[in-house]
$ cat query06.txt   # compact mmCIF, C-alpha atoms
# COMPACT_ATOMS: atom_id res chain seq x y z
CA MET U 1 -14.08 -12.86 5.03
CA ARG U 2 -11.86 -15.28 6.91
CA VAL U 3 -9.42 -17.83 5.52
CA SER U 4 -8.06 -20.81 7.42
CA GLN U 5 -6.03 -23.80 6.37
CA GLU U 6 -7.09 -27.36 7.07
CA GLY U 7 -4.68 -30.16 7.84
CA ALA U 8 -4.55 -31.38 4.25
CA GLY U 9 -3.71 -27.89 2.99
CA ASP U 10 -7.20 -27.10 1.71
CA ARG U 11 -8.33 -23.52 2.39
CA GLN U 12 -11.61 -22.85 4.16
CA ILE U 13 -13.02 -19.45 3.33
CA GLU U 14 -15.94 -17.91 5.20
CA PHE U 15 -17.80 -15.45 3.03
CA ALA U 16 -20.41 -12.82 3.82
CA ALA U 17 -23.18 -12.88 1.19
CA PRO U 18 -21.93 -9.85 -0.82
CA GLU U 19 -18.37 -11.22 -0.84
CA ALA U 20 -19.45 -14.58 -2.24
CA ALA U 21 -21.59 -12.82 -4.85
CA LEU U 22 -18.72 -10.57 -5.90
CA LEU U 23 -16.35 -13.53 -6.26
CA ARG U 24 -18.97 -15.47 -8.24
CA GLN U 25 -19.43 -12.54 -10.62
CA ALA U 26 -15.66 -12.17 -11.09
CA LEU U 27 -15.18 -15.89 -11.78
CA GLN U 28 -18.08 -16.01 -14.23
CA SER U 29 -16.81 -13.11 -16.29
CA THR U 30 -13.24 -14.38 -16.26
CA ALA U 31 -14.40 -17.86 -17.35
CA GLU U 32 -16.08 -16.21 -20.36
CA ALA U 33 -12.96 -14.21 -21.15
CA TYR U 34 -10.82 -17.36 -20.96
CA GLU U 35 -13.06 -19.00 -23.58
CA THR U 36 -12.74 -16.00 -25.90
CA ASP U 37 -10.21 -16.23 -28.70
CA PRO U 38 -7.26 -13.95 -27.80
CA SER U 39 -7.71 -12.00 -31.05
CA GLU U 40 -11.31 -11.17 -30.12
CA LEU U 41 -10.58 -9.77 -26.67
CA ASP U 42 -10.53 -6.05 -25.91
CA PRO U 43 -7.04 -5.18 -27.28
CA MET U 44 -5.95 -3.84 -23.87
CA VAL U 45 -6.98 -7.10 -22.19
CA GLY U 46 -5.42 -9.14 -24.99
CA ASN U 47 -2.21 -7.26 -24.41
CA ALA U 48 -2.31 -7.86 -20.64
CA TRP U 49 -2.90 -11.61 -21.00
CA TYR U 50 -1.29 -12.45 -24.32
CA GLY U 51 1.05 -9.52 -24.98
CA GLN U 52 3.84 -10.24 -27.41
CA SER U 53 6.20 -7.45 -26.46
CA GLY U 54 9.62 -8.93 -25.96
CA LEU U 55 8.92 -11.94 -28.16
CA ARG U 56 9.91 -10.27 -31.41
CA GLU U 57 13.23 -9.15 -29.94
CA ALA U 58 13.88 -12.77 -28.98
CA GLY U 59 13.25 -13.92 -32.54
CA ILE U 60 9.81 -15.37 -31.79
CA ARG U 61 7.72 -14.21 -34.73
CA GLY U 62 4.98 -15.37 -37.08
CA GLU U 63 4.02 -19.00 -36.51
CA ASP U 64 6.19 -19.27 -33.38
CA ALA U 65 4.48 -16.24 -31.83
CA ALA U 66 1.04 -17.66 -32.71
CA HIS U 67 2.05 -20.95 -31.09
CA TRP U 68 3.21 -19.06 -28.00
CA VAL U 69 -0.13 -17.25 -27.66
CA ALA U 70 -2.02 -20.52 -28.26
CA GLY U 71 -0.04 -22.09 -25.40
CA LEU U 72 -0.97 -19.26 -23.04
CA HIS U 73 -4.61 -19.48 -24.10
CA GLU U 74 -4.65 -23.25 -23.55
CA ALA U 75 -3.17 -22.83 -20.05
CA ARG U 76 -5.93 -20.37 -19.17
CA MET U 77 -8.69 -22.52 -20.64
CA GLY U 78 -7.22 -25.42 -18.65
CA ARG U 79 -8.46 -23.70 -15.51
CA GLY U 80 -12.02 -24.01 -16.81
CA ALA U 81 -12.92 -27.31 -15.12
CA ALA U 82 -11.80 -26.06 -11.71
CA MET U 83 -13.66 -22.79 -12.25
CA LYS U 84 -16.90 -24.66 -12.98
CA SER U 85 -16.51 -26.59 -9.73
CA TRP U 86 -15.82 -23.36 -7.77
CA LEU U 87 -18.97 -21.78 -9.19
CA LYS U 88 -20.98 -24.87 -8.23
CA THR U 89 -19.70 -24.97 -4.66
CA LEU U 90 -19.62 -21.28 -3.75
CA PRO U 91 -22.45 -20.17 -1.43
CA PRO U 92 -25.64 -19.56 -3.46
CA VAL U 93 -26.37 -15.97 -4.50
CA GLY U 94 -27.59 -13.93 -1.55
CA GLN U 95 -26.21 -16.32 1.07
CA ALA U 96 -23.20 -16.23 3.33
CA GLY U 97 -21.31 -19.46 3.81
CA ARG U 98 -18.17 -21.49 4.09
CA TRP U 99 -16.32 -22.59 0.98
CA VAL U 100 -13.49 -25.08 0.65
CA LEU U 101 -10.75 -24.53 -1.90
CA PRO U 102 -8.84 -27.82 -2.41
CA LYS U 103 -5.07 -27.61 -1.92
CA ASP U 104 -4.27 -28.64 -5.49
CA GLU U 105 -6.50 -25.86 -6.87
CA VAL U 106 -4.97 -23.02 -4.84
CA GLU U 107 -2.44 -22.16 -7.56
CA SER U 108 -5.11 -21.99 -10.29
CA PHE U 109 -7.42 -19.99 -8.07
CA LEU U 110 -4.77 -17.38 -7.31
CA ALA U 111 -3.80 -17.11 -10.99
CA THR U 112 -7.47 -16.74 -11.96
CA CYS U 113 -8.09 -14.01 -9.37
CA ASN U 114 -4.95 -12.26 -10.56
CA ASP U 115 -6.03 -12.53 -14.20
CA HIS U 116 -9.35 -10.92 -13.32
CA ARG U 117 -7.48 -8.03 -11.68
CA LEU U 118 -5.24 -7.64 -14.75
CA ARG U 119 -8.24 -7.76 -17.08
CA ARG U 120 -10.28 -5.16 -15.19
CA ALA U 121 -7.26 -2.86 -14.87
CA ALA U 122 -6.59 -3.19 -18.61
CA GLU U 123 -10.23 -2.45 -19.50
CA PHE U 124 -9.99 0.91 -17.72
CA ASP U 125 -6.28 1.50 -18.39
CA LEU U 126 -5.68 1.76 -14.66
CA GLY U 127 -2.26 2.71 -13.37
CA GLU U 128 -0.62 2.90 -9.96
CA GLY U 129 -2.37 6.15 -8.99
CA ASP U 130 -5.81 4.71 -9.74
CA LEU U 131 -5.24 1.91 -7.25
CA GLU U 132 -4.96 4.21 -4.24
CA VAL U 133 -7.93 4.08 -1.91
CA ARG U 134 -8.58 7.82 -2.35
CA ALA U 135 -8.76 7.36 -6.12
CA MET U 136 -11.21 4.51 -5.71
CA GLU U 137 -13.47 6.68 -3.55
CA LYS U 138 -13.51 9.36 -6.26
CA ALA U 139 -14.12 6.91 -9.14
CA LYS U 140 -17.62 6.55 -10.51
CA GLY U 141 -19.73 4.01 -12.38
CA ASP U 142 -18.09 1.01 -14.03
CA LYS U 143 -14.59 2.19 -13.18
CA ARG U 144 -15.48 2.16 -9.50
CA ILE U 145 -16.90 -1.37 -9.80
CA ALA U 146 -13.68 -2.50 -11.51
CA LEU U 147 -11.61 -0.96 -8.70
CA VAL U 148 -13.74 -2.63 -6.03
CA GLU U 149 -13.23 -5.99 -7.73
CA ILE U 150 -9.48 -5.40 -8.07
CA HIS U 151 -9.11 -4.54 -4.36
CA PHE U 152 -11.43 -7.32 -3.22
CA LEU U 153 -9.51 -9.98 -5.15
CA ALA U 154 -6.22 -8.56 -3.86
CA TRP U 155 -7.58 -9.09 -0.36
CA ILE U 156 -8.48 -12.73 -1.11
CA ILE U 157 -5.05 -13.37 -2.67
CA GLU U 158 -3.26 -11.84 0.34
CA LEU U 159 -5.36 -13.82 2.84
CA ILE U 160 -4.73 -17.11 1.03
CA LEU U 161 -1.00 -16.49 0.63
CA HIS U 162 -0.56 -15.52 4.26
CA GLU U 163 -2.60 -18.38 5.71
CA MET R 1 27.94 -35.64 -56.88
CA LYS R 2 30.41 -38.51 -57.44
CA SER R 3 28.83 -41.86 -58.29
CA GLY R 4 28.86 -44.45 -55.48
CA THR R 5 29.40 -41.95 -52.72
CA ILE R 6 26.90 -40.35 -50.43
CA GLU R 7 27.41 -36.74 -49.67
CA LEU R 8 26.64 -35.87 -46.08
CA PRO R 9 24.60 -32.78 -45.50
CA THR R 10 26.78 -29.96 -44.32
CA GLU R 11 25.76 -27.33 -41.82
CA SER R 12 26.19 -23.78 -42.91
CA PRO R 13 28.00 -21.44 -40.51
CA THR R 14 24.61 -19.81 -39.79
CA GLN R 15 23.03 -23.15 -38.82
CA GLU R 16 25.98 -23.89 -36.56
CA ALA R 17 25.61 -20.50 -34.94
CA ASP R 18 21.85 -21.06 -34.43
CA PHE R 19 22.54 -24.45 -32.89
CA SER R 20 25.16 -23.27 -30.44
CA GLU R 21 23.10 -20.19 -29.61
CA ALA R 22 20.05 -22.31 -28.75
CA PHE R 23 22.00 -24.60 -26.47
CA ALA R 24 24.20 -22.03 -24.79
CA LYS R 25 22.95 -20.74 -21.48
CA GLY R 26 22.85 -17.27 -22.92
CA TRP R 27 19.15 -16.56 -22.74
CA ARG R 28 17.94 -14.17 -20.08
CA VAL R 29 14.45 -14.32 -18.62
CA LEU R 30 13.38 -10.88 -17.42
CA VAL R 31 10.41 -9.89 -15.29
CA TRP R 32 9.17 -6.32 -15.51
CA ASN R 33 7.39 -4.15 -12.98
CA ASP R 34 3.67 -3.48 -13.32
CA PRO R 35 1.23 -1.75 -11.00
CA ILE R 36 -1.32 -4.56 -10.69
CA ASN R 37 0.49 -7.73 -9.61
CA LEU R 38 0.82 -7.88 -5.83
CA MET R 39 4.27 -8.23 -4.29
CA SER R 40 3.21 -11.34 -2.36
CA TYR R 41 1.78 -12.88 -5.53
CA VAL R 42 5.01 -12.24 -7.47
CA VAL R 43 6.99 -13.96 -4.67
CA PHE R 44 4.57 -16.90 -4.84
CA VAL R 45 4.95 -17.20 -8.64
CA PHE R 46 8.76 -17.05 -8.48
CA GLN R 47 8.71 -19.89 -5.96
CA LYS R 48 6.27 -21.98 -8.02
CA VAL R 49 7.70 -21.44 -11.49
CA LEU R 50 11.40 -20.93 -10.86
CA GLY R 51 11.77 -23.00 -7.69
CA PHE R 52 13.27 -20.09 -5.74
CA ASP R 53 13.32 -20.27 -1.96
CA GLU R 54 11.49 -17.43 -0.22
CA PRO R 55 14.49 -15.11 0.40
CA LYS R 56 15.61 -15.40 -3.26
CA ALA R 57 12.06 -14.88 -4.52
CA LYS R 58 11.71 -11.77 -2.31
CA LYS R 59 15.07 -10.41 -3.48
CA HIS R 60 14.03 -10.67 -7.14
CA MET R 61 10.56 -9.29 -6.42
CA LEU R 62 12.15 -6.22 -4.77
CA GLU R 63 14.49 -5.82 -7.72
CA VAL R 64 11.45 -5.78 -10.03
CA HIS R 65 9.68 -3.29 -7.77
CA GLU R 66 12.60 -0.94 -7.19
CA GLN R 67 14.58 -1.19 -10.42
CA GLY R 68 11.74 -1.90 -12.83
CA ARG R 69 12.98 -5.34 -13.83
CA SER R 70 14.90 -8.37 -12.67
CA MET R 71 16.77 -11.09 -14.51
CA VAL R 72 15.34 -14.22 -12.95
CA ALA R 73 17.09 -16.87 -15.06
CA MET R 74 19.91 -17.32 -17.55
CA GLU R 75 19.29 -20.51 -19.44
CA THR R 76 19.33 -22.37 -22.74
CA ARG R 77 16.80 -21.03 -25.20
CA GLU R 78 14.36 -23.89 -24.65
CA LYS R 79 14.38 -23.63 -20.88
CA ALA R 80 14.27 -19.83 -20.94
CA GLU R 81 11.22 -19.95 -23.21
CA MET R 82 9.54 -22.43 -20.89
CA TYR R 83 10.14 -20.19 -17.83
CA CYS R 84 9.04 -17.07 -19.69
CA GLN R 85 5.81 -18.68 -20.87
CA ARG R 86 5.01 -20.10 -17.42
CA LEU R 87 5.54 -16.67 -15.86
CA GLN R 88 3.17 -15.18 -18.45
CA GLU R 89 0.59 -17.87 -17.68
CA PHE R 90 0.57 -16.43 -14.17
CA GLY R 91 0.13 -12.91 -15.52
CA LEU R 92 3.64 -11.62 -14.92
CA LYS R 93 5.26 -9.40 -17.54
CA SER R 94 8.13 -11.55 -18.67
CA THR R 95 10.40 -11.29 -21.71
CA LEU R 96 13.41 -13.05 -23.20
CA GLU R 97 16.69 -11.52 -24.17
CA VAL R 98 19.91 -12.88 -25.62
CA ALA R 99 22.82 -12.04 -23.34
CA PRO R 100 25.49 -10.00 -25.08
CA ALA R 101 28.42 -12.18 -26.17
$ encode --input "query06.txt" --output "structure tokens"
Amino acid sequence: MRVSQEGAGDRQIEFAAPEAALLRQALQSTAEAYETDPSELDPMVGNAWYGQSGLREAGIRGEDAAHWVAGLHEARMGRGAAMKSWLKTLPPVGQAGRWVLPKDEVESFLATCNDHRLRRAAEFDLGEGDLEVRAMEKAKGDKRIALVEIHFLAWIIELILHE
Amino acid sequence: MKSGTIELPTESPTQEADFSEAFAKGWRVLVWNDPINLMSYVVFVFQKVLGFDEPKAKKHMLEVHEQGRSMVAMETREKAEMYCQRLQEFGLKSTLEVAPA
């Protein structure tokens, strides 16, 4: 994968076929999770995205807390239109290719990739130790897939931020 | 109530306290360490949401990383809530706290 910046600030990303497929899969599952009502999410994921710790201490309770969560949910669903366009324009499954991320969508893209990382880590209750490369090599099954996605999206985020 | 006069509503001491508390810049926005968010991403979010320049964003990111948390703003309640919610939209662990009097 290679990331370069065009004059207008758009990012051009060159994907190998498996990279594009992995990103597509991550975006599709995160789009579904964004559409899900916060109360229906896996509680660990709900806590990572819509956690209310710290709100009660600040006097934000009941209706105010519900309003707070609704605001966070709305912000995430607001990324939906951009996500649909990313899924349309990414290289087709099984193909390598170049993809352009418009400058004004960079922020949403990074937040979406980060949300996917948070969600997958929450699903498997992953901590700092689990994120070491050695731990990933030892992991098996779905946990290993989650770790691969988490590291892959970290790589994309780093490349975009440093370009 | 006396006839021919209008009694103005009076604020109780509690309401006055709530009012001054909400408008005093006594609300802290805290960001807490977590193992998933990348350091570079946290710096990016601080710049976007809080308008920090890069050195200030890095300083606060390192505070979060090394000390477990950083106070990134001290504001009125409304503004502090807005910052806290924006930081949460980006997936950062952010909370609000009233500064001790």
$ interface_residues --input "query06.txt" --of "chain R" --to "chain U" --cutoff "12 Å" --atoms "all atoms listed in the file" --output "number ranges by chain"
R: 18, 21-22, 26-45, 47-49, 77-78, 80-82, 84-99
$ write_last_selection --input "query06.txt" --atoms "C-alpha atoms" --output "PDB file, in the coordinates of the input"
ATOM      1  CA  ASP R  18      21.850 -21.060 -34.430  1.00  0.00           C
ATOM      2  CA  GLU R  21      23.100 -20.190 -29.610  1.00  0.00           C
ATOM      3  CA  ALA R  22      20.050 -22.310 -28.750  1.00  0.00           C
ATOM      4  CA  GLY R  26      22.850 -17.270 -22.920  1.00  0.00           C
ATOM      5  CA  TRP R  27      19.150 -16.560 -22.740  1.00  0.00           C
ATOM      6  CA  ARG R  28      17.940 -14.170 -20.080  1.00  0.00           C
ATOM      7  CA  VAL R  29      14.450 -14.320 -18.620  1.00  0.00           C
ATOM      8  CA  LEU R  30      13.380 -10.880 -17.420  1.00  0.00           C
ATOM      9  CA  VAL R  31      10.410  -9.890 -15.290  1.00  0.00           C
ATOM     10  CA  TRP R  32       9.170  -6.320 -15.510  1.00  0.00           C
ATOM     11  CA  ASN R  33       7.390  -4.150 -12.980  1.00  0.00           C
ATOM     12  CA  ASP R  34       3.670  -3.480 -13.320  1.00  0.00           C
ATOM     13  CA  PRO R  35       1.230  -1.750 -11.000  1.00  0.00           C
ATOM     14  CA  ILE R  36      -1.320  -4.560 -10.690  1.00  0.00           C
ATOM     15  CA  ASN R  37       0.490  -7.730  -9.610  1.00  0.00           C
ATOM     16  CA  LEU R  38       0.820  -7.880  -5.830  1.00  0.00           C
ATOM     17  CA  MET R  39       4.270  -8.230  -4.290  1.00  0.00           C
ATOM     18  CA  SER R  40       3.210 -11.340  -2.360  1.00  0.00           C
ATOM     19  CA  TYR R  41       1.780 -12.880  -5.530  1.00  0.00           C
ATOM     20  CA  VAL R  42       5.010 -12.240  -7.470  1.00  0.00           C
ATOM     21  CA  VAL R  43       6.990 -13.960  -4.670  1.00  0.00           C
ATOM     22  CA  PHE R  44       4.570 -16.900  -4.840  1.00  0.00           C
ATOM     23  CA  VAL R  45       4.950 -17.200  -8.640  1.00  0.00           C
ATOM     24  CA  GLN R  47       8.710 -19.890  -5.960  1.00  0.00           C
ATOM     25  CA  LYS R  48       6.270 -21.980  -8.020  1.00  0.00           C
ATOM     26  CA  VAL R  49       7.700 -21.440 -11.490  1.00  0.00           C
ATOM     27  CA  ARG R  77      16.800 -21.030 -25.200  1.00  0.00           C
ATOM     28  CA  GLU R  78      14.360 -23.890 -24.650  1.00  0.00           C
ATOM     29  CA  ALA R  80      14.270 -19.830 -20.940  1.00  0.00           C
ATOM     30  CA  GLU R  81      11.220 -19.950 -23.210  1.00  0.00           C
ATOM     31  CA  MET R  82       9.540 -22.430 -20.890  1.00  0.00           C
ATOM     32  CA  CYS R  84       9.040 -17.070 -19.690  1.00  0.00           C
ATOM     33  CA  GLN R  85       5.810 -18.680 -20.870  1.00  0.00           C
ATOM     34  CA  ARG R  86       5.010 -20.100 -17.420  1.00  0.00           C
ATOM     35  CA  LEU R  87       5.540 -16.670 -15.860  1.00  0.00           C
ATOM     36  CA  GLN R  88       3.170 -15.180 -18.450  1.00  0.00           C
ATOM     37  CA  GLU R  89       0.590 -17.870 -17.680  1.00  0.00           C
ATOM     38  CA  PHE R  90       0.570 -16.430 -14.170  1.00  0.00           C
ATOM     39  CA  GLY R  91       0.130 -12.910 -15.520  1.00  0.00           C
ATOM     40  CA  LEU R  92       3.640 -11.620 -14.920  1.00  0.00           C
ATOM     41  CA  LYS R  93       5.260  -9.400 -17.540  1.00  0.00           C
ATOM     42  CA  SER R  94       8.130 -11.550 -18.670  1.00  0.00           C
ATOM     43  CA  THR R  95      10.400 -11.290 -21.710  1.00  0.00           C
ATOM     44  CA  LEU R  96      13.410 -13.050 -23.200  1.00  0.00           C
ATOM     45  CA  GLU R  97      16.690 -11.520 -24.170  1.00  0.00           C
ATOM     46  CA  VAL R  98      19.910 -12.880 -25.620  1.00  0.00           C
ATOM     47  CA  ALA R  99      22.820 -12.040 -23.340  1.00  0.00           C
TER      48      ALA R  99
END
$ residues_around --input "query06.txt" --residues "U:Leu101" --least-positions-apart "4" --cutoff "8 Å" --atoms "all atoms listed in the file" --output "list of chain:residue names"
U:Asp10, U:Arg11, U:Gln12, U:Ile13, U:Trp86, U:Glu105, U:Val106
$ atom_distance --input "query06.txt" --atom1 "atom CA of U:Leu159" --atom2 "atom CA of U:Asp104"
17.0 Å
$ closest_residue --input "query06.txt" --among "U:Ala139, U:Met1, U:Ala16, U:Ala8" --to "U:Gly97" --atoms "all atoms listed in the file"
U:Ala16
$ atom_distance --input "query06.txt" --atom1 "atom CA of R:Ala24" --atom2 "atom CA of R:Thr76"
5.3 Å
$ atom_distance --input "query06.txt" --atom1 "atom CA of U:Ala17" --atom2 "atom CA of U:Gln95"
4.6 Å
$ residues_near_point --input "query06.txt" --point "(13.6, -10.6, -10.6)" --cutoff "6 Å" --atoms "all atoms listed in the file" --output "list in words"
Val31, His60, Met61, Glu63, Val64, Ser70, Met71 and Val72 of chain R
$ decode --input "query06.txt" --residues "stretch 23-90 of chain R" --atoms "C-alpha atoms" --output "PDB file, in the first residue's frame"
ATOM      1  CA  PHE R  23     -21.243  29.902  32.962  1.00  0.00           C
ATOM      2  CA  ALA R  24     -18.059  29.803  34.992  1.00  0.00           C
ATOM      3  CA  LYS R  25     -15.049  28.394  33.227  1.00  0.00           C
ATOM      4  CA  GLY R  26     -14.825  25.703  35.831  1.00  0.00           C
ATOM      5  CA  TRP R  27     -15.464  22.639  33.726  1.00  0.00           C
ATOM      6  CA  ARG R  28     -12.533  20.406  32.933  1.00  0.00           C
ATOM      7  CA  VAL R  29     -12.376  18.242  29.830  1.00  0.00           C
ATOM      8  CA  LEU R  30     -10.203  15.199  30.449  1.00  0.00           C
ATOM      9  CA  VAL R  31      -8.837  12.663  27.984  1.00  0.00           C
ATOM     10  CA  TRP R  32      -7.872   9.244  29.294  1.00  0.00           C
ATOM     11  CA  ASN R  33      -5.306   6.756  28.059  1.00  0.00           C
ATOM     12  CA  ASP R  34      -6.411   3.656  26.184  1.00  0.00           C
ATOM     13  CA  PRO R  35      -4.415   0.987  24.388  1.00  0.00           C
ATOM     14  CA  ILE R  36      -6.102   1.243  20.979  1.00  0.00           C
ATOM     15  CA  ASN R  37      -6.003   4.862  19.836  1.00  0.00           C
ATOM     16  CA  LEU R  38      -2.737   5.625  18.047  1.00  0.00           C
ATOM     17  CA  MET R  39      -0.554   8.456  19.324  1.00  0.00           C
ATOM     18  CA  SER R  40      -0.543  10.137  15.900  1.00  0.00           C
ATOM     19  CA  TYR R  41      -4.334   9.869  15.716  1.00  0.00           C
ATOM     20  CA  VAL R  42      -4.759  11.451  19.167  1.00  0.00           C
ATOM     21  CA  VAL R  43      -2.521  14.367  18.075  1.00  0.00           C
ATOM     22  CA  PHE R  44      -4.640  14.742  14.927  1.00  0.00           C
ATOM     23  CA  VAL R  45      -7.895  14.792  16.933  1.00  0.00           C
ATOM     24  CA  PHE R  46      -6.568  17.351  19.428  1.00  0.00           C
ATOM     25  CA  GLN R  47      -5.647  19.620  16.523  1.00  0.00           C
ATOM     26  CA  LYS R  48      -9.019  19.168  14.800  1.00  0.00           C
ATOM     27  CA  VAL R  49     -11.327  19.388  17.796  1.00  0.00           C
ATOM     28  CA  LEU R  50      -9.477  21.674  20.176  1.00  0.00           C
ATOM     29  CA  GLY R  51      -7.550  23.756  17.651  1.00  0.00           C
ATOM     30  CA  PHE R  52      -4.194  22.961  19.280  1.00  0.00           C
ATOM     31  CA  ASP R  53      -1.023  23.551  17.294  1.00  0.00           C
ATOM     32  CA  GLU R  54       1.137  20.464  16.806  1.00  0.00           C
ATOM     33  CA  PRO R  55       3.542  20.976  19.758  1.00  0.00           C
ATOM     34  CA  LYS R  56       0.625  21.548  22.177  1.00  0.00           C
ATOM     35  CA  ALA R  57      -1.280  18.565  20.790  1.00  0.00           C
ATOM     36  CA  LYS R  58       1.825  16.370  21.190  1.00  0.00           C
ATOM     37  CA  LYS R  59       2.406  17.614  24.742  1.00  0.00           C
ATOM     38  CA  HIS R  60      -1.135  16.660  25.777  1.00  0.00           C
ATOM     39  CA  MET R  61      -0.960  13.342  23.921  1.00  0.00           C
ATOM     40  CA  LEU R  62       2.227  12.465  25.842  1.00  0.00           C
ATOM     41  CA  GLU R  63       0.574  13.478  29.097  1.00  0.00           C
ATOM     42  CA  VAL R  64      -2.281  11.076  28.308  1.00  0.00           C
ATOM     43  CA  HIS R  65       0.191   8.326  27.401  1.00  0.00           C
ATOM     44  CA  GLU R  66       2.553   8.764  30.340  1.00  0.00           C
ATOM     45  CA  GLN R  67       0.276   9.962  33.129  1.00  0.00           C
ATOM     46  CA  GLY R  68      -2.926   8.214  32.097  1.00  0.00           C
ATOM     47  CA  ARG R  69      -4.886  11.399  31.478  1.00  0.00           C
ATOM     48  CA  SER R  70      -4.620  15.013  30.444  1.00  0.00           C
ATOM     49  CA  MET R  71      -6.806  18.033  31.069  1.00  0.00           C
ATOM     50  CA  VAL R  72      -7.228  19.432  27.581  1.00  0.00           C
ATOM     51  CA  ALA R  73      -9.643  22.286  28.310  1.00  0.00           C
ATOM     52  CA  MET R  74     -11.125  24.294  31.168  1.00  0.00           C
ATOM     53  CA  GLU R  75     -14.290  25.910  29.922  1.00  0.00           C
ATOM     54  CA  THR R  76     -17.895  26.881  30.575  1.00  0.00           C
ATOM     55  CA  ARG R  77     -20.176  23.894  30.930  1.00  0.00           C
ATOM     56  CA  GLU R  78     -21.647  24.282  27.447  1.00  0.00           C
ATOM     57  CA  LYS R  79     -18.309  24.535  25.693  1.00  0.00           C
ATOM     58  CA  ALA R  80     -16.768  21.764  27.791  1.00  0.00           C
ATOM     59  CA  GLU R  81     -19.665  19.458  26.886  1.00  0.00           C
ATOM     60  CA  MET R  82     -19.235  20.313  23.216  1.00  0.00           C
ATOM     61  CA  TYR R  83     -15.494  19.487  23.311  1.00  0.00           C
ATOM     62  CA  CYS R  84     -16.071  16.298  25.287  1.00  0.00           C
ATOM     63  CA  GLN R  85     -18.723  15.056  22.879  1.00  0.00           C
ATOM     64  CA  ARG R  86     -16.617  15.899  19.800  1.00  0.00           C
ATOM     65  CA  LEU R  87     -13.665  14.011  21.282  1.00  0.00           C
ATOM     66  CA  GLN R  88     -15.941  11.016  21.889  1.00  0.00           C
ATOM     67  CA  GLU R  89     -17.194  11.208  18.300  1.00  0.00           C
ATOM     68  CA  PHE R  90     -13.589  10.569  17.307  1.00  0.00           C
TER      69      PHE R  90
END
